[in-house]
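Chemist: My structure file run_8.cif, mmCIF, C-alpha atoms, is below:
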data_coords
loop_
_atom_site.label_atom_id
_atom_site.label_comp_id
_atom_site.auth_asym_id
_atom_site.auth_seq_id
_atom_site.Cartn_x
_atom_site.Cartn_y
_atom_site.Cartn_z
CA MET A 1 -48.53 0.87 -27.16
CA PHE A 2 -45.81 -1.20 -28.86
CA LYS A 3 -46.38 0.53 -32.20
CA SER A 4 -46.34 3.96 -30.56
CA ILE A 5 -42.99 3.24 -28.92
CA CYS A 6 -41.57 2.02 -32.25
CA ALA A 7 -42.72 5.19 -33.97
CA LEU A 8 -41.05 7.35 -31.35
CA ALA A 9 -37.84 5.35 -31.68
CA LEU A 10 -37.91 5.78 -35.49
CA CYS A 11 -38.47 9.52 -35.11
CA ALA A 12 -35.54 9.78 -32.71
CA ALA A 13 -33.36 7.84 -35.14
CA LEU A 14 -34.30 10.18 -37.98
CA LEU A 15 -33.53 13.23 -35.87
CA LEU A 16 -30.17 11.74 -34.85
CA GLY A 17 -29.41 10.98 -38.48
CA GLY A 18 -30.08 14.61 -39.36
CA ALA A 19 -27.75 15.79 -36.63
CA LEU A 20 -24.99 13.49 -37.79
CA ALA A 21 -25.44 14.66 -41.35
CA SER A 22 -25.14 18.32 -40.41
CA GLU A 23 -22.18 17.89 -38.03
CA THR A 24 -19.51 15.27 -38.58
CA VAL A 25 -18.12 13.88 -35.30
CA THR A 26 -15.64 11.02 -35.48
CA TYR A 27 -16.18 7.88 -33.44
CA ASP A 28 -12.66 8.16 -32.01
CA ALA A 29 -13.31 11.68 -30.71
CA ILE A 30 -16.51 10.63 -28.93
CA TYR A 31 -14.90 7.50 -27.52
CA SER A 32 -11.70 9.11 -26.20
CA SER A 33 -13.43 12.10 -24.65
CA SER A 34 -16.03 10.06 -22.77
CA ASN A 35 -13.92 7.03 -21.90
CA PRO A 36 -10.20 7.47 -21.11
CA VAL A 37 -9.66 3.78 -20.36
CA PRO A 38 -8.59 2.62 -23.86
CA GLY A 39 -5.91 5.32 -24.14
CA ILE A 40 -4.62 4.63 -20.62
CA ALA A 41 -4.57 0.89 -21.27
CA GLU A 42 -2.63 1.36 -24.50
CA ARG A 43 -0.05 3.54 -22.76
CA VAL A 44 0.37 1.68 -19.45
CA ARG A 45 -0.09 -2.02 -20.28
CA PRO A 46 3.46 -2.34 -21.72
CA SER A 47 4.86 -1.01 -18.41
CA VAL A 48 3.19 -3.59 -16.16
CA VAL A 49 5.25 -6.76 -15.85
CA GLN A 50 4.86 -10.21 -14.42
CA VAL A 51 7.24 -10.80 -11.51
CA ILE A 52 8.44 -14.39 -11.05
CA GLY A 53 10.24 -15.59 -7.94
CA SER A 54 12.12 -18.90 -8.05
CA CYS A 55 14.15 -21.08 -5.72
CA GLU A 56 17.05 -23.36 -6.52
CA THR A 57 16.60 -27.04 -5.67
CA TRP A 58 18.96 -30.00 -5.74
CA ASP A 59 18.03 -33.65 -6.18
CA SER A 60 20.36 -35.92 -4.19
CA GLU A 61 19.51 -38.93 -6.36
CA THR A 62 20.07 -37.39 -9.77
CA ARG A 63 22.54 -34.83 -8.38
CA ILE A 64 20.94 -32.25 -10.63
CA SER A 65 20.09 -28.72 -9.56
CA SER A 66 17.15 -26.82 -11.01
CA SER A 67 15.11 -23.70 -10.56
CA VAL A 68 11.49 -23.95 -9.41
CA GLU A 69 9.00 -21.08 -9.54
CA VAL A 70 7.56 -20.44 -6.09
CA ASP A 71 5.50 -17.31 -6.60
CA ALA A 72 4.38 -14.80 -9.19
CA GLY A 73 2.56 -11.51 -9.31
CA SER A 74 2.65 -8.17 -11.07
CA GLY A 75 4.97 -5.18 -10.99
CA CYS A 76 5.09 -1.57 -12.20
CA TYR A 77 7.97 -0.02 -14.12
CA PHE A 78 8.33 3.27 -12.24
CA GLN A 79 11.87 4.54 -12.80
CA ALA A 80 14.51 4.27 -15.51
CA ASP A 81 18.22 4.10 -14.83
CA ALA A 82 20.07 7.36 -15.37
CA GLY A 83 21.93 5.87 -18.33
CA GLY A 84 18.78 4.46 -19.91
CA GLU A 85 19.98 0.86 -19.61
CA GLY A 86 17.50 -0.80 -17.28
CA GLY A 87 15.35 0.49 -14.49
CA TYR A 88 13.26 -0.32 -11.42
CA ILE A 89 10.08 -2.30 -10.80
CA LEU A 90 7.74 -1.70 -7.85
CA THR A 91 5.83 -4.71 -6.54
CA ASN A 92 4.47 -6.20 -3.32
CA TYR A 93 6.90 -7.72 -0.86
CA HIS A 94 4.66 -10.77 -0.45
CA VAL A 95 5.13 -11.45 -4.19
CA VAL A 96 8.92 -11.83 -3.80
CA ALA A 97 9.28 -12.88 -0.14
CA ASP A 98 9.70 -16.60 -0.85
CA GLY A 99 11.99 -16.26 -3.86
CA GLU A 100 15.76 -16.46 -4.19
CA ILE A 101 16.19 -15.51 -7.84
CA TYR A 102 13.88 -13.30 -9.88
CA SER A 103 12.83 -12.55 -13.42
CA ILE A 104 10.29 -10.25 -15.06
CA GLU A 105 8.23 -10.80 -18.18
CA TRP A 106 6.88 -7.87 -20.18
CA LEU A 107 3.67 -7.63 -22.16
CA SER A 108 5.84 -7.93 -25.29
CA GLY A 109 6.98 -11.38 -24.18
CA ASP A 110 10.53 -10.27 -23.36
CA ARG A 111 11.84 -11.97 -20.23
CA MET A 112 14.70 -10.52 -18.19
CA ASN A 113 16.62 -11.37 -15.05
CA ALA A 114 16.04 -9.04 -12.13
CA THR A 115 17.61 -8.49 -8.73
CA LEU A 116 15.85 -7.66 -5.49
CA VAL A 117 17.14 -4.21 -4.56
CA GLY A 118 15.29 -3.98 -1.26
CA HIS A 119 11.94 -4.07 0.45
CA ASP A 120 9.81 -2.74 3.28
CA ASP A 121 7.72 -5.48 4.83
CA GLY A 122 6.00 -2.85 6.98
CA THR A 123 4.15 -1.53 3.92
CA ASP A 124 4.40 -4.71 1.79
CA ILE A 125 6.48 -3.19 -1.00
CA ALA A 126 9.63 -4.32 -2.78
CA VAL A 127 11.83 -2.93 -5.56
CA LEU A 128 13.48 -5.01 -8.31
CA ARG A 129 16.11 -3.83 -10.80
CA PHE A 130 16.59 -4.94 -14.38
CA THR A 131 19.69 -4.02 -16.40
CA GLU A 132 18.55 -4.47 -20.02
CA PRO A 133 16.75 -1.84 -22.10
CA ALA A 134 13.00 -1.87 -21.56
CA PRO A 135 10.96 -3.08 -24.55
CA GLU A 136 9.64 -0.53 -27.02
CA GLY A 137 6.57 1.24 -25.68
CA ALA A 138 7.37 0.54 -22.01
CA GLU A 139 7.85 3.81 -20.16
CA PRO A 140 7.96 4.58 -16.43
CA ILE A 141 4.41 5.02 -15.12
CA PRO A 142 3.93 8.55 -13.77
CA MET A 143 2.94 8.72 -10.10
CA GLY A 144 -0.16 10.59 -9.04
CA ASP A 145 -1.49 11.95 -5.76
CA SER A 146 -3.50 9.33 -3.88
CA ASP A 147 -4.52 11.95 -1.30
CA ALA A 148 -6.47 13.74 -4.06
CA LEU A 149 -8.68 10.70 -4.82
CA ARG A 150 -12.40 11.02 -4.32
CA ILE A 151 -14.93 8.28 -3.68
CA GLY A 152 -16.78 7.49 -6.89
CA GLU A 153 -14.08 8.51 -9.36
CA LEU A 154 -12.76 6.20 -12.06
CA ALA A 155 -10.35 3.45 -10.99
CA ILE A 156 -8.38 1.30 -13.45
CA CYS A 157 -6.39 -1.81 -12.53
CA ILE A 158 -3.78 -3.39 -14.79
CA GLY A 159 -2.06 -6.63 -13.88
CA ASN A 160 -1.38 -10.22 -14.77
CA PRO A 161 -3.88 -12.51 -13.04
CA GLY A 162 -3.69 -16.25 -13.43
CA ASP A 163 -1.71 -19.22 -12.17
CA GLU A 164 1.60 -20.88 -13.02
CA ARG A 165 0.14 -22.38 -16.21
CA ASP A 166 -2.07 -19.62 -17.57
CA VAL A 167 -1.29 -15.93 -17.08
CA LEU A 168 -3.63 -13.36 -18.59
CA PHE A 169 -1.05 -10.70 -19.38
CA GLY A 170 -2.07 -7.05 -19.38
CA THR A 171 -5.56 -7.60 -17.99
CA VAL A 172 -7.43 -4.31 -17.61
CA THR A 173 -10.35 -3.92 -15.22
CA ALA A 174 -12.18 -0.74 -14.34
CA GLY A 175 -14.53 0.46 -11.64
CA ILE A 176 -14.59 3.24 -9.12
CA ILE A 177 -12.84 4.25 -5.94
CA SER A 178 -15.21 2.64 -3.45
CA GLY A 179 -13.62 3.84 -0.21
CA LEU A 180 -10.64 5.74 1.17
CA GLU A 181 -8.59 5.41 4.34
CA ARG A 182 -9.91 1.94 5.11
CA GLU A 183 -8.20 0.86 8.31
CA ASP A 184 -7.69 -2.57 9.89
CA ILE A 185 -7.70 -4.18 6.41
CA ASN A 186 -4.84 -6.62 6.73
CA ALA A 187 -4.08 -10.18 5.68
CA ASP A 188 -0.77 -10.05 7.58
CA ASN A 189 0.58 -7.98 4.67
CA PHE A 190 1.51 -5.00 6.82
CA SER A 191 3.29 -4.50 10.11
CA ARG A 192 2.74 -0.74 9.94
CA SER A 193 -0.43 1.31 10.05
CA ILE A 194 -1.66 1.55 6.45
CA SER A 195 -5.00 3.08 5.45
CA VAL A 196 -5.80 1.42 2.15
CA ILE A 197 -7.85 2.36 -0.92
CA GLN A 198 -10.94 0.27 -1.66
CA THR A 199 -12.01 -0.33 -5.26
CA ASP A 200 -14.56 -2.51 -7.06
CA ALA A 201 -12.29 -2.86 -10.11
CA ALA A 202 -11.68 -6.61 -10.28
CA ILE A 203 -8.52 -7.80 -8.53
CA ASN A 204 -7.54 -11.47 -8.70
CA SER A 205 -4.65 -13.72 -7.80
CA GLY A 206 -1.64 -12.44 -9.77
CA ASN A 207 -2.76 -8.79 -9.66
CA SER A 208 -0.72 -8.13 -6.51
CA GLY A 209 1.96 -5.55 -7.23
CA GLY A 210 0.22 -4.22 -10.32
CA ALA A 211 -1.16 -0.77 -11.05
CA LEU A 212 -4.15 1.15 -9.72
CA LEU A 213 -4.55 4.19 -11.96
CA ASN A 214 -6.69 7.32 -11.90
CA ALA A 215 -8.45 8.89 -14.89
CA LYS A 216 -5.18 10.59 -15.92
CA GLY A 217 -3.38 7.26 -16.12
CA GLU A 218 -1.27 8.06 -13.07
CA LEU A 219 -0.19 5.40 -10.58
CA VAL A 220 -2.16 6.05 -7.38
CA GLY A 221 -2.04 2.64 -5.70
CA ILE A 222 -0.67 -0.90 -5.67
CA PRO A 223 -3.28 -3.71 -5.53
CA THR A 224 -2.39 -5.97 -2.62
CA LEU A 225 -5.39 -7.94 -1.34
CA LYS A 226 -9.11 -8.62 -1.70
CA PHE A 227 -11.95 -9.94 0.41
CA MET A 228 -13.28 -13.17 -1.07
CA TYR A 229 -15.32 -14.93 1.60
CA SER A 230 -15.84 -15.32 5.32
CA ASN A 231 -17.99 -17.40 7.59
CA SER A 232 -20.87 -15.06 6.82
CA GLY A 233 -20.75 -15.19 3.02
CA VAL A 234 -18.97 -14.60 -0.28
CA PHE A 235 -17.88 -11.11 -1.33
CA GLU A 236 -17.47 -9.48 -4.75
CA GLY A 237 -15.78 -6.23 -5.67
CA LEU A 238 -13.86 -5.70 -2.45
CA GLY A 239 -10.29 -5.03 -3.55
CA PHE A 240 -7.73 -3.03 -1.60
CA CYS A 241 -4.64 -1.11 -2.69
CA ILE A 242 -1.69 0.56 -0.97
CA PRO A 243 -1.91 4.35 -1.58
CA ILE A 244 1.08 5.56 -3.59
CA ASN A 245 1.54 8.51 -1.21
CA ALA A 246 2.15 6.06 1.64
CA ILE A 247 5.18 4.56 -0.09
CA LYS A 248 6.63 6.80 -2.82
CA ASP A 249 8.85 8.81 -0.47
CA PHE A 250 10.47 5.55 0.70
CA LEU A 251 11.45 4.35 -2.78
CA PRO A 252 14.71 6.36 -3.12
CA GLN A 253 15.79 5.07 0.30
CA ILE A 254 15.04 1.46 -0.67
CA ILE A 255 17.03 1.88 -3.89
CA GLU A 256 19.95 3.43 -2.02
CA THR A 257 20.04 1.35 1.17
CA GLY A 258 17.89 -1.73 0.53
CA GLY A 259 15.33 -0.85 3.18
CA VAL A 260 13.52 1.84 5.13
CA ILE A 261 15.06 3.23 8.30
CA ARG A 262 12.49 4.84 10.57
CA PRO A 263 13.10 6.82 13.75
CA ARG A 264 11.75 5.43 17.00
CA LEU A 265 10.84 6.76 20.41
CA GLY A 266 12.76 4.03 22.20
CA ILE A 267 9.75 2.45 23.87
CA THR A 268 7.51 -0.55 23.44
CA VAL A 269 3.78 -0.03 23.87
CA ALA A 270 0.57 -2.01 24.06
CA ASP A 271 -3.02 -1.00 23.33
CA ILE A 272 -5.05 -0.08 26.38
CA ASP A 273 -8.82 0.13 26.33
CA GLY A 274 -10.65 2.68 28.40
CA PRO A 275 -12.90 5.72 28.31
CA ASP A 276 -12.29 8.47 25.79
CA GLU A 277 -11.46 10.91 28.60
CA PRO A 278 -9.45 10.09 31.73
CA MET A 279 -11.25 9.03 34.89
CA ARG A 280 -9.80 8.84 38.37
CA LYS A 281 -9.18 5.08 38.38
CA TYR A 282 -9.59 4.33 34.66
CA PRO A 283 -6.86 5.32 32.21
CA PRO A 284 -8.18 6.53 28.82
CA ILE A 285 -7.89 4.55 25.60
CA GLY A 286 -4.43 4.95 24.10
CA ALA A 287 -0.97 3.39 23.78
CA GLN A 288 0.44 2.33 27.15
CA VAL A 289 4.21 2.28 27.63
CA TYR A 290 5.38 -1.26 28.35
CA THR A 291 9.17 -0.82 28.39
CA VAL A 292 11.51 2.16 28.08
CA GLU A 293 14.91 1.63 26.44
CA GLU A 294 17.71 2.79 28.66
CA GLY A 295 19.42 5.85 27.24
CA GLY A 296 16.80 6.27 24.49
CA PRO A 297 15.01 9.52 23.65
CA SER A 298 11.93 8.64 25.72
CA ALA A 299 14.02 7.71 28.74
CA LYS A 300 15.88 11.02 28.46
CA ALA A 301 12.55 12.87 28.31
CA GLY A 302 11.23 11.12 31.42
CA LEU A 303 8.64 8.66 30.10
CA GLN A 304 8.17 5.66 32.34
CA GLN A 305 6.48 2.29 32.30
CA GLY A 306 2.70 2.52 32.59
CA ASP A 307 2.35 5.97 31.01
CA VAL A 308 -0.58 6.20 28.59
CA ILE A 309 0.07 8.15 25.37
CA THR A 310 -3.12 9.75 24.02
CA GLU A 311 -1.84 12.37 21.55
CA VAL A 312 1.08 12.74 19.14
CA ASN A 313 1.61 16.23 17.75
CA GLY A 314 -1.95 17.12 18.72
CA VAL A 315 -3.50 14.08 17.00
CA ARG A 316 -5.61 11.78 19.20
CA ILE A 317 -4.37 8.22 19.14
CA GLU A 318 -6.11 5.12 20.42
CA GLY A 319 -3.38 2.51 20.27
CA TYR A 320 -0.17 1.13 18.82
CA MET A 321 -1.09 1.44 15.13
CA ASP A 322 -2.20 5.06 15.53
CA LEU A 323 1.12 5.82 17.22
CA LEU A 324 3.08 4.25 14.35
CA LYS A 325 1.01 6.15 11.79
CA GLU A 326 1.95 9.48 13.31
CA LEU A 327 5.61 8.56 13.85
CA ASP A 328 5.88 7.48 10.20
CA LYS A 329 5.26 11.11 9.26
CA CYS A 330 8.44 12.13 11.06
CA ALA A 331 12.17 11.89 10.37
CA SER A 332 15.14 11.36 12.63
CA GLY A 333 15.89 14.56 14.50
CA ASP A 334 12.28 15.78 14.45
CA LYS A 335 10.65 16.76 17.70
CA VAL A 336 7.35 15.13 18.59
CA GLU A 337 4.95 16.40 21.20
CA LEU A 338 3.29 13.72 23.32
CA LYS A 339 0.32 14.05 25.63
CA VAL A 340 0.56 11.45 28.37
CA TYR A 341 -1.52 10.41 31.37
CA ARG A 342 0.37 8.92 34.32
CA TYR A 343 -1.63 6.65 36.62
CA TYR A 344 1.26 4.55 37.90
CA ASP A 345 4.30 5.24 40.02
CA ALA A 346 7.84 4.24 39.09
CA GLU A 347 7.26 0.76 40.54
CA GLY A 348 4.19 0.21 38.37
CA ASN A 349 1.62 0.60 41.14
CA LEU A 350 -1.74 2.24 40.38
CA THR A 351 -1.81 5.45 42.38
CA GLY A 352 -5.57 6.00 42.24
CA ASN A 353 -5.11 9.37 40.59
CA TYR A 354 -3.51 10.69 37.41
CA GLU A 355 -1.27 13.41 36.10
CA GLU A 356 -1.67 15.06 32.71
CA LEU A 357 1.84 15.40 31.27
CA TYR A 358 3.39 16.73 28.07
CA PHE A 359 6.72 15.63 26.62
CA SER A 360 8.74 17.06 23.75
CA ILE A 361 10.98 14.29 22.44
CA ARG A 362 13.58 14.47 19.67
CA LEU A 363 13.43 11.29 17.63
CA GLU A 364 16.59 9.26 17.14
CA LEU A 365 17.61 6.31 15.01
CA LEU A 366 17.98 3.37 17.35
CA ASP A 367 19.40 -0.05 16.49
#
Step by step, read the file and then write its structure as structure tokens.

Modeler:
Amino acid sequence: MFKSICALALCAALLLGGALASETVTYDAIYSSSNPVPGIAERVRPSVVQVIGSCETWDSETRISSSVEVDAGSGCYFQADAGGEGGYILTNYHVVADGEIYSIEWLSGDRMNATLVGHDDGTDIAVLRFTEPAPEGAEPIPMGDSDALRIGELAICIGNPGDERDVLFGTVTAGIISGLEREDINADNFSRSISVIQTDAAINSGNSGGALLNAKGELVGIPTLKFMYSNSGVFEGLGFCIPINAIKDFLPQIIETGGVIRPRLGITVADIDGPDEPMRKYPPIGAQVYTVEEGGPSAKAGLQQGDVITEVNGVRIEGYMDLLKELDKCASGDKVELKVYRYYDAEGNLTGNYEELYFSIRLELLD
């Protein structure tokens, strides 16, 4: 059997040799057409930086002040200044949250001062600005469409994992998109409702704020956290990224104003558990109104304490995070349609029955 297998292998080799002799195909052509990763890595690695946050300290004995690094991660060069001198870096807010002064280091080794332009802790993103020309080969990374991702397609991560002593600049890992719209994945990174992208491309400490790319080399996500272990075991290949579509519309506002201003209904709510459909004495699962701001849009529309919101613009919601997710799709001045069940009277007493109500509320910006 062994000899027979060897003979077949030799025959196959001879046939392959004949094919190669009759048709010349370069190694580069085969490699680039079947594997886009090397070309993407060559193009994007120079545009992924290390972000360093530092704090100033003062020693009362020596009376000397110094700067101490408190955190580091990765960042993506996503926009150049109009004049070509400098540009903007996208990173995670948790990478810069503890810093006071900032710098960035490029793959080329160039190190530059940077300023924190603004952030949105709700989605764990921040924007830094540098004012020197970017190194040769560093170009803004084009943004893709994270809504177009499919499970199983190629995923490429580029970042700078490591610690304060050893940083592995421009590390490239590849895998697939393992899951989409993963909800309730949160290490206290987000205060908003974010459905994240799951990938098995390796993500390690220092990758936060780096690039998740598709097979076109477009930025489709920002690596932000990974599952490592729990009481039940150790995990491998469970990395999670913020979808670029969830944040890219906010970036001009952060650059212009330093933050993200979102419209609100003028209420506070709490999750309420219950049946899917209303029952006589059991409110359905939804977001229950806890307080109504006097003079706010909800108060003007007639919402009251105890009302249970179950739909926003026709979308079924089951709690606070679902409500935020739908409101984040709206702008100030938009009208939202709410479906509400009222089980309680104005004094907060359970009436033993319910009303099915609909409210059309124009969103306002409230301080």

Chemist: What is the distance between atom CA of Val260 of chain A and atom CA of Asp120 of chain A, in Å to one decimal?

Modeler: 6.2 Å

Chemist: Using all atoms listed in the file, which of A:Met143, A:Ala215, A:Glu337, A:His119 sits nearest Gly39 of chain A?

Modeler: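 Closest residue, counting all atoms listed in the file: A:Ala215.
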
Chemist: Taking into account all atoms listed in the file, which residue in the set A:Leu357, A:Val196, A:Ile242, A:Val96 is nearest to Ile309 of chain A?

Modeler: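 Going through A:Leu357, A:Val196, A:Ile242, A:Val96 one by one, the smallest distance to Ile309 of chain A is for A:Leu357.
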
Chemist: Point out the residue among A:Leu303, A:Arg316, A:Asn214, A:Gly352 with the least atom-to-atom distance to Lys281 of chain A, counting only C-alpha atoms.

Modeler: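 Using only C-alpha atoms, Lys281 of chain A sits closest to A:Gly352.
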
Chemist: Find the residues near Asn353 of chain A: any atom within 12 Å, counting only C-alpha atoms, skip ones fewer than 6 places away on the same chain, and give them as a list in words.

Modeler: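 Final neighbour list, sorted by chain and number: Pro278, Met279, Arg280, Lys281, Tyr282, Pro283, Tyr341, Arg342, Tyr343, Tyr344 and Asp345 of chain A.
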
Chemist: Which of these, A:Val234, A:Ala134, A:Ile176, A:Leu128, has the shortest distance to Leu149 of chain A once you count only C-alpha atoms?

Modeler: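 Answer, going by the shortest atom-to-atom distance: A:Ile176.
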
Chemist: One decimal, Å: what's the distance from atom CA of Glu236 of chain A over to atom CA of Gly206 of chain A, could you say?

Modeler: 16.9 Å

Chemist: Give the answer as one residue: which of A:Ala138, A:Val51, A:Val269, A:Ile254 has the shortest atom-to-atom distance to Tyr102 of chain A, using all atoms listed in the file?

Modeler: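 Among the listed residues, the smallest separation from Tyr102 of chain A belongs to A:Val51.
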
Chemist: Just to confirm, what's the straight-line distance from atom CA of Thr351 of chain A to atom CA of Gln305 of chain A in Å (one decimal)?

Modeler: 13.4 Å

Chemist: Can you translate the PyMOL selection byres ((chain A and resi 219) around 12) into the concrete residues it hits in this file, as a PyMOL selection string?

Modeler: chain A and resi 40+44+47-48+75-78+90+140-146+149+155-158+209-218+220-223+241-245+247-248

Chemist: Which of these residues is nearest to Glu355 of chain A, using all atoms listed in the file: A:Asp307, A:Asp334, A:Asp81, A:Glu181?

Modeler: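 Selected residue with least distance to Glu355 of chain A: A:Asp307.
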